[in-house]
Structures are given as structure tokens and as C-alpha cells.
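Q: Below is model.cif; it holds mmCIF, C-alpha atoms.
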data_my_file
loop_
_atom_site.label_atom_id
_atom_site.label_comp_id
_atom_site.auth_asym_id
_atom_site.auth_seq_id
_atom_site.Cartn_x
_atom_site.Cartn_y
_atom_site.Cartn_z
CA ALA A 237 17.93 -19.51 -1.60
CA GLU A 238 14.56 -18.03 -2.42
CA PRO A 239 12.22 -17.18 0.43
CA PRO A 240 9.17 -19.41 0.75
CA PRO A 241 6.04 -18.19 -1.05
CA THR A 242 3.83 -15.96 1.04
CA ALA A 243 0.29 -14.77 0.60
CA PRO A 244 0.04 -10.99 0.17
CA THR A 245 -2.40 -10.82 3.07
CA ALA A 246 0.03 -12.48 5.47
CA GLU A 247 0.28 -11.20 9.02
CA PRO A 248 0.43 -7.42 9.30
CA PRO A 249 1.92 -7.27 12.79
CA ALA A 250 2.52 -3.56 13.21
CA ALA A 251 1.80 -0.11 11.88
CA ALA A 252 5.35 1.16 12.35
CA ALA A 253 7.63 2.40 9.59
CA SER A 254 10.29 -0.11 8.63
CA SER A 255 13.04 2.34 7.78
CA ALA A 256 14.55 5.00 9.98
CA ASP A 257 14.50 7.58 7.16
CA ALA A 258 10.92 6.79 6.05
CA GLU A 259 8.11 8.83 7.48
CA PRO A 260 5.51 6.84 9.42
CA ALA A 261 2.22 6.05 7.76
CA PRO A 262 -0.86 7.91 8.93
CA ALA A 263 -2.38 6.20 11.95
CA SER A 264 -5.31 4.92 9.89
CA HIS A 265 -3.04 2.98 7.52
CA ARG A 266 -1.78 -0.43 8.57
CA GLU A 267 1.75 -1.30 7.50
CA TRP A 268 3.77 -4.52 7.43
CA GLU A 269 6.57 -6.28 5.53
CA LEU A 270 6.74 -9.29 3.22
CA PRO A 271 9.66 -11.04 1.52
CA LEU A 272 10.13 -10.19 -2.17
CA PRO A 273 7.76 -12.27 -4.30
CA SER A 274 9.06 -15.48 -5.84
CA PRO A 275 7.81 -16.86 -9.18
CA SER A 276 5.13 -18.90 -7.38
CA ASP A 277 3.65 -15.83 -5.61
CA GLU A 278 0.59 -13.95 -6.87
CA LEU A 279 2.49 -10.64 -6.73
CA PHE A 280 5.34 -11.88 -8.95
CA ASP A 281 3.91 -10.79 -12.33
CA GLY A 282 3.15 -7.27 -11.11
CA PHE A 283 6.54 -7.05 -9.42
CA SER A 284 8.31 -8.22 -12.59
CA GLN A 285 6.49 -5.69 -14.75
CA ALA A 286 7.23 -2.81 -12.38
CA LEU A 287 10.88 -3.89 -12.27
CA SER A 288 11.01 -3.97 -16.09
CA ALA A 289 9.56 -0.45 -16.26
CA ALA A 290 12.20 0.82 -13.82
CA ARG A 291 14.99 -0.89 -15.80
CA LEU A 292 14.10 1.11 -18.91
CA ILE A 293 15.05 4.37 -17.19
CA THR A 294 18.71 5.32 -17.64
CA GLY A 295 20.72 8.38 -16.74
CA ARG A 296 18.30 9.50 -14.02
CA LYS A 297 18.78 9.63 -10.29
CA TYR A 298 15.38 8.09 -9.58
CA ARG A 299 14.31 4.91 -11.41
CA TYR A 300 10.79 3.87 -10.40
CA GLY A 301 8.32 1.45 -11.95
CA ALA A 302 4.73 0.82 -10.85
CA THR A 303 2.01 -1.67 -11.68
CA VAL A 304 -1.69 -1.41 -10.85
CA CYS A 305 -3.00 -4.92 -10.04
CA ALA A 306 -6.60 -6.13 -9.87
CA GLY A 307 -8.27 -8.80 -7.79
CA ASP A 308 -6.95 -11.16 -5.18
CA ASP A 309 -4.82 -12.79 -7.89
CA HIS A 310 -3.05 -9.44 -8.45
CA ILE A 311 -3.48 -9.42 -12.22
CA PRO A 312 -1.43 -6.53 -13.69
CA VAL A 313 -3.73 -4.06 -15.49
CA LYS A 314 -1.71 -0.83 -15.89
CA LEU A 315 2.00 -0.01 -15.92
CA GLY A 316 3.83 3.26 -15.27
CA SER A 317 7.25 4.69 -14.51
CA ASN A 318 8.82 8.03 -13.73
CA LYS A 319 10.23 8.24 -17.24
CA LYS A 320 9.47 11.62 -18.80
CA ILE A 321 6.13 11.05 -20.45
CA PHE A 322 2.93 13.04 -20.45
CA ASN A 323 5.14 16.12 -21.05
CA ARG A 324 5.89 16.34 -17.32
CA ASP A 325 9.39 16.34 -15.84
CA GLU A 326 8.38 15.19 -12.37
CA ILE A 327 5.68 12.54 -12.59
CA HIS A 328 5.89 9.78 -10.00
CA ALA A 329 5.60 6.20 -11.22
CA GLU A 330 2.48 5.42 -9.21
CA MET A 331 0.72 8.49 -10.59
CA ALA A 332 1.78 7.55 -14.15
CA ALA A 333 0.29 4.08 -13.60
CA LEU A 334 -2.95 5.55 -12.25
CA LYS A 335 -3.22 8.09 -15.07
CA GLY A 336 -6.00 6.83 -17.30
CA CYS A 337 -6.64 3.77 -15.11
CA GLU A 338 -10.36 3.07 -15.15
CA ARG A 339 -11.94 2.32 -11.78
CA PRO A 340 -8.81 2.13 -9.60
CA ALA A 341 -10.91 1.68 -6.43
CA GLY A 342 -10.25 -1.69 -4.83
CA LYS A 343 -7.07 -2.32 -6.82
CA ASP A 344 -3.52 -2.63 -5.48
CA ILE A 345 -0.39 -0.88 -6.69
CA LEU A 346 3.15 -2.23 -6.65
CA LEU A 347 6.07 0.22 -6.64
CA VAL A 348 9.74 -0.64 -7.36
CA ARG A 349 12.83 1.57 -7.12
CA LEU A 350 16.20 0.70 -8.65
CA ALA A 351 19.58 2.26 -7.90
CA PRO A 352 20.63 5.01 -10.31
CA THR A 353 22.92 4.23 -13.21
CA ARG A 354 25.86 6.29 -14.34
CA PRO A 355 26.26 7.11 -18.02
CA ASP A 356 28.31 4.58 -19.93
CA ARG A 357 31.71 6.18 -20.55
CA ARG A 358 33.35 3.56 -22.74
CA ASP A 359 33.80 6.07 -25.54
CA GLU A 360 35.92 8.38 -23.38
CA ASP A 361 39.67 7.80 -23.33
CA ASP A 362 40.75 8.55 -19.76
CA GLY A 363 43.94 6.51 -19.82
CA ASP A 364 44.58 3.08 -18.36
CA ASP A 365 44.66 3.85 -14.64
CA ASP A 366 42.36 2.20 -12.09
CA ASP A 367 40.31 5.40 -11.54
CA ALA A 368 39.40 5.59 -15.21
CA GLU A 369 38.27 1.95 -15.17
CA ALA A 370 36.13 2.57 -12.08
CA LYS A 371 34.48 5.53 -13.81
CA ARG A 372 33.65 3.38 -16.84
CA ARG A 373 31.82 0.75 -14.79
CA LYS A 374 28.13 1.23 -14.19
CA ALA A 375 26.50 1.51 -10.78
CA PRO A 376 24.77 -1.63 -9.42
CA ALA A 377 21.70 -1.10 -11.58
CA GLU A 378 19.78 -4.04 -10.13
CA LYS A 379 19.98 -2.94 -6.50
CA LEU A 380 16.47 -2.42 -5.10
CA LEU A 381 15.97 0.62 -2.89
CA ASN A 382 13.21 1.92 -0.63
CA ALA A 383 10.29 3.01 -2.83
CA ARG A 384 7.89 4.19 -0.13
CA PRO A 385 5.44 6.61 -1.76
CA CYS A 386 5.56 10.28 -0.86
CA GLU A 387 2.74 11.89 1.15
CA VAL A 388 1.19 13.54 -1.91
CA CYS A 389 1.03 10.24 -3.80
CA GLU A 390 -0.35 8.49 -0.71
CA ARG A 391 -3.18 11.02 -0.44
CA LYS A 392 -3.99 10.62 -4.14
CA MET A 393 -3.98 6.81 -3.90
CA VAL A 394 -6.28 6.93 -0.86
CA ALA A 395 -8.63 9.34 -2.66
CA ARG A 396 -8.74 7.10 -5.77
CA GLY A 397 -9.59 4.06 -3.63
CA ILE A 398 -6.36 2.07 -3.93
CA ARG A 399 -6.65 -0.86 -1.51
CA ARG A 400 -2.96 -1.56 -0.86
CA CYS A 401 0.42 -0.22 -1.91
CA TYR A 402 3.27 -2.74 -2.08
CA PHE A 403 6.71 -1.10 -2.33
CA THR A 404 10.31 -2.29 -2.28
CA LEU A 405 12.08 -1.72 1.01
CA SER A 406 15.33 -3.43 0.05
CA SER A 407 16.61 -6.25 -2.12
CA THR A 408 14.88 -8.74 0.19
CA ALA A 409 11.63 -7.16 1.37
CA LEU A 410 8.44 -5.40 0.33
CA GLY A 411 6.57 -2.94 2.50
CA VAL A 412 2.77 -2.98 2.42
CA LEU A 413 0.45 -0.07 3.22
CA ALA A 414 -3.26 -0.81 3.54
CA TYR A 415 -5.08 2.36 2.49
CA ASN A 416 -8.68 1.31 1.80
CA PRO A 417 -9.06 -2.23 3.10
CA GLU A 418 -12.33 -3.98 2.50
CA PRO A 419 -14.14 -5.49 5.52
CA GLY A 420 -12.36 -8.68 6.52
CA ASP A 421 -9.40 -7.80 4.26
CA LEU A 422 -6.86 -7.59 7.08
CA PRO A 423 -6.28 -10.22 9.71
CA THR A 424 -6.79 -8.97 13.25
#
Just dump the structure as C-alpha cells.
A:
Amino acid sequence: AEPPPTAPTAEPPAAAASSADAEPAPASHREWELPLPSPSDELFDGFSQALSAARLITGRKYRYGATVCAGDDHIPVKLGSNKKIFNRDEIHAEMAALKGCERPAGKDILLVRLAPTRPDRRDEDDGDDDDAEAKRRKAPAEKLLNARPCEVCERKMVARGIRRCYFTLSSTALGVLAYNPEPGDLPT
């Protein structure tokens, strides 16, 4: 069953990190969780595009997609991934999406991380045992993982005026970091 639609500005109850291995947000950044967007949610188009960008990456340990969204309707305006583009081996998806983005101040960014995939080994002949069959199968490529941005990317997003960063926490939830909220943007 799909979770009920939620507004992206719904109840930020706490500023605590939602994962034990994630570093806490700076004290000035509010943080909360939302269910993954459903097709009726305003975030769904941006989420779908970021997910599509991450799906295009194969054979890499990290598979990230990002979408810069504008306005309260979260209209996707720029897409990025950590695929090797811009002649850089280590570009983060959110920085790829912001690269060349005109006037990012006041916009939101949505970040998705998918589980890594193993290379397809159908062409190899390893015999007919169970281990060989297990090696041939791909990893669960659609599993969503924690995509919390690193500290360097957070600083750059704050400096460029990004309002909020939505990121996958798991296959059921998004985390939200409010970097540059506008007056009255967050419920008290």
C-alpha cells in the first residue's frame, strides 16, 4: 500500500539525524523525515527524474541521481548524477545538478541513491553449480539507500542558496534538510 500523500512542508519535528551512521546536521539546519513521494505528491516528478538518473549508472559502487526543483510545486529544472561527466572522476550528483544551474537560490534539491550493481556475467561459463548462478544474478538494483549529502556538498548548497535538500533515507522515507528557509517557510 502506498503511503498517503504528504505536503513537503509537513511537520519537521526534530533536528536530529535519522540514521546512526549519518552525521548530524549543523545546529542551524532543521531536519525531518517524510514518506517517499507517491504519484500525487508535488515531489514525485523530481524524485522520478533523480531515480532515473541513478538507474543509468552501472558498474559503480555509488549510484546517485539529483534534481534541482523550483517553486512550491517542485518543478524539476536541472538533473545530475555522479556518472563520470565534466571530465571529473569524483563529482557528486548534487554538484553535477547545480553545475550550470542559473539562480539556484531559493530552489530545492532532491537526491537519490541506489544500491550498486554487479557486472552482468552471463557470458562467463562458470559451470552449473549454485555459486555460479548466484554470481550471475545482479544485486538488488532498485534498493534505495541513504543519500545524505556530505559536509562539503552541504556547505556548497548553503552557499548557493539552496532552500531544502530532500534525500532518500531508505526504501520508505526521505530525509529533509532546511538550509536557507524563507521566513514562514517552516512550521514552528
Q: Evaluate the PyMOL selection byres ((chain A and resi 303) around 8) here and jot the selected residues down as a list in words.
A: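 In the shown coordinates, the PyMOL selection byres ((chain A and resi 303) around 8) covers Gly282, Phe283, Gln285, Ala286, Gly301, Ala302, Val304, Cys305, Pro312, Val313, Lys314, Leu315, Gly316, Glu330, Ala333, Ile345, Leu346 and Leu347 of chain A.
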Q: Evaluate the PyMOL selection byres ((chain A and resi 402) around 6) here and jot the selected residues down as a list of chain:residue names.
A: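 Selected by the PyMOL selection byres ((chain A and resi 402) around 6) in this file: A:Leu346, A:Cys401, A:Phe403, A:Gly411, A:Val412.
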Q: Using atom CA of Thr408 of chain A and atom CA of Leu334 of chain A as the two end points, give the distance in Å to one decimal.
A: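 So the two atoms, atom CA of Thr408 of chain A and atom CA of Leu334 of chain A, lie 26.0 Å apart.
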Q: Name the residues in contact with segment 306-308 of chain A at a cut-off of 12 Å, using all atoms listed in the file, excluding same-chain residues fewer than 4 positions from it; report them as a ChimeraX atom specification.
A: /A:243-245,277-279,281-282,312-314,337-346,398-400,418,421
Q: To one decimal place in Å, what is the distance between atom CA of Ala332 of chain A and atom CA of Glu390 of chain A?
A: 13.6 Å
Q: Calculate how many Å separate atom CA of Leu380 of chain A from atom CA of Thr404 of chain A, rounding to one decimal.
A: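 Atom-to-atom, atom CA of Leu380 of chain A and atom CA of Thr404 of chain A are spaced 6.8 Å apart.
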Q: For each of A:Leu270, A:Val348, A:Ser407, A:Lys335, take the minimum atom-to-atom distance to Pro385 of chain A, counting all atoms listed in the file, then give the residue where this is smallest.
A: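 The shortest atom-to-atom distance to Pro385 of chain A comes from A:Val348.
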Q: Which residue gives the smallest distance to Pro417 of chain A among A:Leu350, A:His265, A:Lys379, A:Glu387, with only C-alpha atoms counted?
A: A:His265
Q: Rank nothing, just name the residue among A:Cys386, A:Leu381, A:Tyr300, A:Pro352 nearest to Ser288 of chain A, using only C-alpha atoms.
A: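 Result for the nearest residue to Ser288 of chain A: A:Tyr300.
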Q: Considering all atoms listed in the file, can you say which of A:Ser276, A:Asn318, A:Arg266, A:Asp309 comes closest to Arg291 of chain A?
A: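 Between A:Ser276, A:Asn318, A:Arg266, A:Asp309, the residue approaching Arg291 of chain A most closely is A:Asn318.
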Q: Under the PyMOL selection byres ((chain A and resi 272) around 7), which residues of this model are included? Write them out as a PyMOL selection string.
A: chain A and resi 270-271+273-274+408-410
Q: What are the centre and edge lengths in Å, to one decimal, of the axis-aligned box around all listed atoms of segment 278-293 of chain A with 6 Å added on each side, as AutoDock Vina command-line options?
A:
--center_x 7.8 --center_y -4.8 --center_z -12.8 --size_x 26.5 --size_y 30.3 --size_z 24.2
Q: Residues near Arg299 of chain A, anyone? I mean within 6 Å using only C-alpha atoms, not counting same-chain ones fewer than 2 positions away, as a PyMOL selection string.
A: chain A and resi 290+293+349-350
Q: Calculated over all atoms listed in the file, which of the candidates A:Ala289, A:Glu269, A:His310, A:Ser284 has the smallest distance to Ser406 of chain A?
A: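 When distances to Ser406 of chain A are compared using all atoms listed in the file, the smallest one comes from A:Glu269.
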Q: Between A:Trp268, A:Tyr415, A:Phe280, A:Tyr298, single out the one closest to Lys319 of chain A, counting all atoms listed in the file.
A: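 Of all the options, A:Tyr298 lies closest to Lys319 of chain A.
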